[in-house]
Amino acid sequence: MAYHITIIPGDGIGKEIVDSAVAVLKKVDGKFGLRLSYAFKDAGGTAYDKFGTPLPTDTLESCKASDGVLFGAVGGGKWDSVEPALRPERAILGLRKGLGLYANLRPVKVADSLTGYSPLKPDLVRGVDLVIVRELIGGIYFGDKCESEQHDGVERAWDLENYSVPEVERIARLAFETAKLRRGKVTSVDKANVLATSRLWRRTVTKLAESYKGIELGHLYVDNCAMQLAVRPTQFDVIVTGNLFGDILSDEAAVVGGSIGMMPSASIGTSTSLYEPIHGSAPDIAGKGIANPIGTILSAAMLLRYSLHEEEAARAIETAVDKALEVGFRTPDLWREGFQKANTDEMTKAICERI
Ligand code: IPM
Ligand code: MG
């Protein structure tokens with residue numbers, strides 16, 4: 001066994017959090033003899049500044065030749081006026097498309113010790129354990145768009161949402177398979193009372209469910225789902241939805257879980273998978289060494305589990321994170337009286353020491 005991983009720090013806090021995750025990977029490598037090797041590559045605004053493009057070909061090629069990709073974050077106010085096709089966000093969108101990453105898995109699990117961090121009452125969040133399965137390379141994100149056109153002297157812009165049956169089937173199948181390994185419940189989220197794409201989505205998911213007899217399938221409109229996540233989040237097991245709804249609901253679900261800084265994600269497709277925290281590049285705290293590295297560290301654990309099939313090493317990381325939190329280490333986003341304040345490095349060290 002020997003694995004090659006492409007590491008893409010990106011912008012803002014990306015470098016700090018990715019450095020932490022690499023330190024943790026090196027620690028488990030030493031313990032389990034994984035023989036990991038790394039290629040560090042640019043993407044996002046940083047790549048735009050260096051090479052004039054947010055996603056250099058070399059970065060994409062390196063990802064394709066790897067066993068897994070660990071991604072930090074991209075974006076920042078510095079690049080707000082860059083033309084749309086060259087914005088930092090195009091790096092992650094290009095990687096998703098270029099690697100065929102059609103599914104994004106965003107698990108939200110609330111440890112009992114962290115129920116107090118949710119903006120919701122502890123009673124509502126105790127026991128939350130759900131995963132959002134978001135379609136990632138279709139829908140309105142990748143449909144035709146027009147930045148600006150004139151109609152009778154009026155300027156307009158438009159984005160086209162479209163989904164095909166095979167696109168919906170492929171993501172729904174993954175959701176059903178995921179639910180089989182969990183509590184067997186799938187909630188499909190759409191806006192079928194208004195949108196044609198949603199009606200096709202609902203029809204397709206319902207039809208596919210016929211071949212998954214053991215699974216309990218429900219449907220919710222996206223507005224109701226947003227409300228249900230705040231009212232009774234424990235009702236969810238697997239949520240499957242399109243690209244835009246999944247983007248929005250996964251941020252909401254993440255805060256229900258306590259801190260967006262702790263949430264990992266896996267983007268999977270037909271070849272190399274990519275792992276990234278669900279939070280952004282947080283330019284306001286970049287370079288201060290105070291970012292919460294846990295979302296990225298847990299993303300590295302997902303990489304070990306799903307891409308390298310190194311379950312024991314993955315679990316060692318997750319257990320070490322739980323222990324570091326249990327003994328009271330907290331980055332500033334989670335710190336409160338009575339706990340041990342830790343910056344990014346200190347939190348990383350606290351986790352490494354428990355592996
Ligand atoms: C996410 C992010 C991205 C998205 C941005 C950075 C393009 O919000 O991964 O959720 O919208 O998908
Ligand atoms: Mg998002």
# chains A, B, ... in the order shown; residues from 1 in each chain; ligands from 1
>>> residues_near_ligand(ligand="ligand 2", cutoff="8 Å", atoms="only C-alpha atoms and all ligand atoms", output="PyMOL selection string")
chain A and resi 247-248+250-251+278-280
>>> residues_near_ligand(ligand="ligand 1", cutoff="9 Å", atoms="only C-alpha atoms and all ligand atoms", output="PyMOL selection string")
chain A and resi 73-75+88-93+104+136+141+243-244+246-248+250-251+265+276-281
>>> write_last_selection(atoms="N, CA, C and O atoms", output="JSON list (two decimals), in the first residue's frame")
[["chain", "number", "residue", "atom", "x", "y", "z"],
["A", 73, "ALA", "N", -10.18, 25.87, 0.89],
["A", 73, "ALA", "CA", -11.29, 26.78, 0.58],
["A", 73, "ALA", "C", -10.81, 27.80, -0.44],
["A", 73, "ALA", "O", -9.61, 28.06, -0.54],
["A", 74, "VAL", "N", -11.74, 28.37, -1.20],
["A", 74, "VAL", "CA", -11.36, 29.41, -2.15],
["A", 74, "VAL", "C", -12.27, 30.63, -2.02],
["A", 74, "VAL", "O", -13.39, 30.53, -1.52],
["A", 75, "GLY", "N", -11.76, 31.76, -2.49],
["A", 75, "GLY", "CA", -12.57, 32.97, -2.55],
["A", 75, "GLY", "C", -12.08, 34.04, -1.59],
["A", 75, "GLY", "O", -11.24, 33.80, -0.73],
["A", 88, "PRO", "N", -12.41, 32.96, -8.19],
["A", 88, "PRO", "CA", -11.85, 31.82, -7.44],
["A", 88, "PRO", "C", -12.81, 30.63, -7.35],
["A", 88, "PRO", "O", -12.38, 29.47, -7.42],
["A", 89, "GLU", "N", -14.12, 30.91, -7.19],
["A", 89, "GLU", "CA", -15.11, 29.83, -7.05],
["A", 89, "GLU", "C", -15.10, 28.89, -8.26],
["A", 89, "GLU", "O", -15.49, 27.74, -8.16],
["A", 90, "ARG", "N", -14.64, 29.43, -9.41],
["A", 90, "ARG", "CA", -14.62, 28.58, -10.59],
["A", 90, "ARG", "C", -13.65, 27.42, -10.42],
["A", 90, "ARG", "O", -13.74, 26.41, -11.13],
["A", 91, "ALA", "N", -12.70, 27.56, -9.50],
["A", 91, "ALA", "CA", -11.74, 26.48, -9.26],
["A", 91, "ALA", "C", -12.46, 25.26, -8.71],
["A", 91, "ALA", "O", -12.31, 24.14, -9.22],
["A", 92, "ILE", "N", -13.28, 25.45, -7.69],
["A", 92, "ILE", "CA", -13.94, 24.30, -7.09],
["A", 92, "ILE", "C", -15.02, 23.76, -8.04],
["A", 92, "ILE", "O", -15.20, 22.54, -8.18],
["A", 93, "LEU", "N", -15.70, 24.67, -8.74],
["A", 93, "LEU", "CA", -16.71, 24.20, -9.69],
["A", 93, "LEU", "C", -16.05, 23.42, -10.82],
["A", 93, "LEU", "O", -16.54, 22.37, -11.25],
["A", 104, "ASN", "N", -22.19, 15.14, -3.45],
["A", 104, "ASN", "CA", -21.52, 15.74, -2.30],
["A", 104, "ASN", "C", -22.23, 15.23, -1.04],
["A", 104, "ASN", "O", -23.43, 15.41, -0.89],
["A", 136, "LEU", "N", -24.10, 17.57, -7.52],
["A", 136, "LEU", "CA", -23.02, 18.57, -7.51],
["A", 136, "LEU", "C", -22.57, 19.09, -8.87],
["A", 136, "LEU", "O", -21.85, 20.07, -8.93],
["A", 141, "TYR", "N", -26.43, 25.53, -11.34],
["A", 141, "TYR", "CA", -25.00, 25.88, -11.26],
["A", 141, "TYR", "C", -24.31, 25.75, -12.61],
["A", 141, "TYR", "O", -23.39, 26.50, -12.91],
["A", 243, "ASN", "N", -28.47, 20.69, -6.69],
["A", 243, "ASN", "CA", -27.25, 21.44, -6.41],
["A", 243, "ASN", "C", -27.50, 22.70, -5.57],
["A", 243, "ASN", "O", -26.89, 22.90, -4.52],
["A", 244, "LEU", "N", -28.43, 23.54, -6.02],
["A", 244, "LEU", "CA", -28.65, 24.81, -5.33],
["A", 244, "LEU", "C", -29.33, 24.62, -3.97],
["A", 244, "LEU", "O", -28.89, 25.18, -2.95],
["A", 246, "GLY", "N", -29.22, 22.01, -2.18],
["A", 246, "GLY", "CA", -28.26, 21.32, -1.31],
["A", 246, "GLY", "C", -27.22, 22.28, -0.76],
["A", 246, "GLY", "O", -26.78, 22.15, 0.39],
["A", 247, "ASP", "N", -26.82, 23.25, -1.55],
["A", 247, "ASP", "CA", -25.87, 24.27, -1.08],
["A", 247, "ASP", "C", -26.46, 25.01, 0.12],
["A", 247, "ASP", "O", -25.83, 25.17, 1.16],
["A", 248, "ILE", "N", -27.70, 25.43, -0.04],
["A", 248, "ILE", "CA", -28.35, 26.25, 0.99],
["A", 248, "ILE", "C", -28.66, 25.41, 2.24],
["A", 248, "ILE", "O", -28.32, 25.79, 3.37],
["A", 250, "SER", "N", -27.34, 22.70, 3.28],
["A", 250, "SER", "CA", -26.21, 22.14, 4.02],
["A", 250, "SER", "C", -25.56, 23.18, 4.92],
["A", 250, "SER", "O", -25.04, 22.84, 5.98],
["A", 251, "ASP", "N", -25.61, 24.46, 4.55],
["A", 251, "ASP", "CA", -25.14, 25.48, 5.49],
["A", 251, "ASP", "C", -26.07, 25.55, 6.71],
["A", 251, "ASP", "O", -25.63, 25.66, 7.84],
["A", 265, "SER", "N", -16.85, 17.26, 4.29],
["A", 265, "SER", "CA", -17.67, 16.75, 3.20],
["A", 265, "SER", "C", -16.83, 15.93, 2.25],
["A", 265, "SER", "O", -15.61, 16.06, 2.19],
["A", 276, "GLU", "N", -13.44, 18.17, 1.40],
["A", 276, "GLU", "CA", -13.25, 19.56, 1.82],
["A", 276, "GLU", "C", -14.19, 19.89, 2.97],
["A", 276, "GLU", "O", -15.26, 19.33, 3.08],
["A", 277, "PRO", "N", -13.75, 20.84, 3.82],
["A", 277, "PRO", "CA", -14.68, 21.31, 4.85],
["A", 277, "PRO", "C", -15.80, 22.08, 4.15],
["A", 277, "PRO", "O", -15.60, 22.57, 3.04],
["A", 278, "ILE", "N", -16.95, 22.19, 4.79],
["A", 278, "ILE", "CA", -18.04, 22.87, 4.07],
["A", 278, "ILE", "C", -17.98, 24.39, 4.21],
["A", 278, "ILE", "O", -18.64, 25.11, 3.51],
["A", 279, "HIS", "N", -17.15, 24.87, 5.12],
["A", 279, "HIS", "CA", -17.06, 26.33, 5.29],
["A", 279, "HIS", "C", -16.21, 26.97, 4.18],
["A", 279, "HIS", "O", -15.57, 26.27, 3.40],
["A", 280, "GLY", "N", -16.21, 28.30, 4.16],
["A", 280, "GLY", "CA", -15.48, 29.02, 3.13],
["A", 280, "GLY", "C", -14.09, 29.43, 3.58],
["A", 280, "GLY", "O", -13.54, 28.88, 4.55],
["A", 281, "SER", "N", -13.53, 30.44, 2.91],
["A", 281, "SER", "CA", -12.12, 30.81, 3.12],
["A", 281, "SER", "C", -11.93, 31.83, 4.24],
["A", 281, "SER", "O", -10.80, 32.18, 4.56]]
>>> residues_around(residues="Val131 (chain A)", least_positions_apart="2", cutoff="8 Å", atoms="only C-alpha atoms", output="compact mmCIF listing (two decimals) with N, CA and C atoms, in the first residue's frame")
# COMPACT_ATOMS: atom_id res chain seq x y z
N LEU A 105 -21.46 14.57 -0.20
CA LEU A 105 -22.02 14.03 1.05
C LEU A 105 -21.63 14.93 2.20
N ARG A 106 -22.62 15.48 2.87
CA ARG A 106 -22.35 16.37 3.99
C ARG A 106 -23.03 15.84 5.26
N PRO A 107 -22.28 15.09 6.05
CA PRO A 107 -22.85 14.54 7.27
C PRO A 107 -22.93 15.57 8.38
N VAL A 108 -23.97 15.55 9.14
CA VAL A 108 -24.10 16.42 10.32
C VAL A 108 -24.47 15.54 11.51
N ASP A 129 -28.37 13.15 13.52
CA ASP A 129 -27.40 12.37 12.78
C ASP A 129 -27.96 12.21 11.36
N VAL A 133 -27.16 14.53 0.82
CA VAL A 133 -26.57 14.04 -0.44
C VAL A 133 -26.98 15.05 -1.51
N ASP A 237 -32.66 11.40 8.16
CA ASP A 237 -31.56 10.45 8.05
C ASP A 237 -30.74 10.85 6.82
N VAL A 238 -31.26 10.55 5.62
CA VAL A 238 -30.59 10.98 4.39
C VAL A 238 -31.49 11.99 3.67
N ILE A 239 -30.93 13.14 3.36
CA ILE A 239 -31.65 14.14 2.56
C ILE A 239 -31.01 14.16 1.18
>>> residues_around(residues="Asn193 (chain A)", least_positions_apart="4", cutoff="9 Å", atoms="only C-alpha atoms", output="list of chain:residue names")
A:Ser198, A:Arg199, A:Tyr221
>>> write_last_selection(atoms="C-alpha atoms", output="mmCIF file, in the first residue's frame")
data_model
loop_
_atom_site.group_PDB
_atom_site.id
_atom_site.type_symbol
_atom_site.label_atom_id
_atom_site.label_comp_id
_atom_site.auth_asym_id
_atom_site.auth_seq_id
_atom_site.Cartn_x
_atom_site.Cartn_y
_atom_site.Cartn_z
ATOM 1 C CA SER A 198 -38.440 19.460 -9.510
ATOM 2 C CA ARG A 199 -41.427 17.568 -10.897
ATOM 3 C CA TYR A 221 -40.617 21.114 -0.576
#
>>> closest_residue(among="A:Ile140, A:Ile171, A:Val327, A:Val125", to="Gly257 (chain A)", atoms="only C-alpha atoms")
A:Val125
>>> residues_around(residues="Ala320 (chain A)", least_positions_apart="2", cutoff="9 Å", atoms="only C-alpha atoms", output="number ranges by chain")
A: 315-318, 322-325, 350-355
>>> select_by_dssp(residues="region 221-333 of chain A", states="strand (DSSP E)", output="VMD selection string")
chain A and resid 221 238 to 241 264 to 268 274 to 277 329 to 330
>>> closest_residue(among="A:Met347, A:Ala266, A:Val256, A:Leu308", to="Gln228 (chain A)", atoms="only C-alpha atoms")
A:Val256
>>> closest_residue(among="A:Lys145, A:Met263, A:Asp58, A:Ala253", to="Leu229 (chain A)", atoms="only C-alpha atoms")
A:Ala253
>>> atom_distance(atom1="CA of Gly77 (chain A)", atom2="CA of Pro283 (chain A)")
7.7 Å
>>> residues_around(residues="region 98-101 of chain A", least_positions_apart="4", cutoff="9 Å", atoms="only C-alpha atoms", output="ChimeraX atom specification")
/A:60,63-64,93-94,135-137,267-274
>>> select_by_dssp(residues="region 6-150 of chain A", states="helix (DSSP H, G or I)", output="PyMOL selection string")
chain A and resi 14-32+45-51+57-64+77-79+84-86+89-98+112-117+122-125+139-141
>>> write_last_selection(atoms="C-alpha atoms", output="compact mmCIF listing (two decimals), in the first residue's frame")
# COMPACT_ATOMS: atom_id res chain seq x y z
CA GLY A 14 -7.28 27.35 3.38
CA LYS A 15 -3.55 27.08 3.91
CA GLU A 16 -3.77 27.01 7.72
CA ILE A 17 -6.48 24.38 7.93
CA VAL A 18 -4.95 22.19 5.25
CA ASP A 19 -1.57 22.33 7.02
CA SER A 20 -3.33 21.05 10.13
CA ALA A 21 -4.97 18.20 8.27
CA VAL A 22 -1.65 17.21 6.68
CA ALA A 23 -0.01 17.16 10.13
CA VAL A 24 -2.77 14.81 11.29
CA LEU A 25 -2.41 12.64 8.18
CA LYS A 26 1.33 12.38 8.82
CA LYS A 27 0.61 11.29 12.35
CA VAL A 28 -1.74 8.46 11.30
CA ASP A 29 0.65 7.54 8.51
CA GLY A 30 3.39 7.03 11.12
CA LYS A 31 1.06 4.93 13.22
CA PHE A 32 -0.56 2.78 10.54
CA GLY A 45 -7.67 33.40 -6.21
CA THR A 46 -4.11 32.45 -5.29
CA ALA A 47 -3.77 30.56 -8.57
CA TYR A 48 -5.39 33.45 -10.45
CA ASP A 49 -2.81 35.86 -9.03
CA LYS A 50 0.08 33.56 -9.98
CA PHE A 51 -1.08 32.11 -13.29
CA THR A 57 -4.41 22.44 -15.88
CA ASP A 58 -1.56 21.07 -13.80
CA THR A 59 -3.77 21.13 -10.69
CA LEU A 60 -6.58 19.21 -12.39
CA GLU A 61 -4.14 16.69 -13.87
CA SER A 62 -2.52 16.12 -10.49
CA CYS A 63 -5.97 15.45 -8.97
CA LYS A 64 -6.82 12.95 -11.69
CA GLY A 77 -13.22 39.99 -1.39
CA LYS A 78 -9.91 40.66 -3.11
CA TRP A 79 -11.21 38.95 -6.26
CA PRO A 84 -17.06 35.76 -13.58
CA ALA A 85 -15.27 33.09 -15.64
CA LEU A 86 -12.05 33.65 -13.67
CA GLU A 89 -15.11 29.83 -7.05
CA ARG A 90 -14.62 28.58 -10.59
CA ALA A 91 -11.74 26.48 -9.26
CA ILE A 92 -13.94 24.30 -7.09
CA LEU A 93 -16.71 24.20 -9.69
CA GLY A 94 -14.13 23.24 -12.36
CA LEU A 95 -12.69 20.52 -10.14
CA ARG A 96 -16.13 19.09 -9.47
CA LYS A 97 -16.96 19.06 -13.17
CA GLY A 98 -13.48 17.98 -14.30
CA ASP A 112 -23.70 15.08 23.10
CA SER A 113 -20.89 17.29 24.47
CA LEU A 114 -21.61 19.85 21.74
CA THR A 115 -25.39 20.16 21.88
CA GLY A 116 -24.93 23.45 23.74
CA TYR A 117 -23.26 25.05 20.72
CA PRO A 122 -30.16 21.31 23.19
CA ASP A 123 -33.29 19.15 23.37
CA LEU A 124 -33.94 19.68 19.69
CA VAL A 125 -30.43 18.82 18.51
CA GLY A 139 -28.80 22.02 -12.10
CA ILE A 140 -28.71 25.78 -12.18
CA TYR A 141 -25.00 25.88 -11.26
>>> atom_distance(atom1="CA of Lys109 (chain A)", atom2="CA of Gly289 (chain A)")
26.0 Å
>>> closest_residue(among="A:Thr178, A:Thr206, A:Thr241, A:Thr6", to="Ala65 (chain A)", atoms="only C-alpha atoms")
A:Thr6
>>> closest_residue(among="A:Ser259, A:Thr204, A:Ser211, A:Ser148", to="Pro119 (chain A)", atoms="only C-alpha atoms")
A:Ser259
>>> residues_around(residues="Tyr163 (chain A)", least_positions_apart="6", cutoff="8 Å", atoms="only C-alpha atoms", output="mmCIF file with N, CA and C atoms, in the first residue's frame")
data_model
loop_
_atom_site.group_PDB
_atom_site.id
_atom_site.type_symbol
_atom_site.label_atom_id
_atom_site.label_comp_id
_atom_site.auth_asym_id
_atom_site.auth_seq_id
_atom_site.Cartn_x
_atom_site.Cartn_y
_atom_site.Cartn_z
ATOM 1 N N GLY A 138 -24.742 19.446 -11.732
ATOM 2 C CA GLY A 138 -25.841 19.749 -12.638
ATOM 3 C C GLY A 138 -26.661 20.905 -12.099
ATOM 4 N N GLY A 139 -27.894 20.993 -12.581
ATOM 5 C CA GLY A 139 -28.805 22.024 -12.095
ATOM 6 C C GLY A 139 -28.391 23.414 -12.529
ATOM 7 N N THR A 197 -38.295 21.184 -13.298
ATOM 8 C CA THR A 197 -37.165 20.299 -12.986
ATOM 9 C C THR A 197 -37.456 19.503 -11.708
ATOM 10 N N LEU A 200 -39.821 16.567 -12.437
ATOM 11 C CA LEU A 200 -39.080 15.444 -13.019
ATOM 12 C C LEU A 200 -38.251 14.749 -11.939
ATOM 13 N N TRP A 201 -37.651 15.540 -11.075
ATOM 14 C CA TRP A 201 -36.848 15.010 -9.958
ATOM 15 C C TRP A 201 -37.699 14.077 -9.092
#
>>> atom_distance(atom1="CA of Met262 (chain A)", atom2="CA of Arg35 (chain A)")
26.7 Å
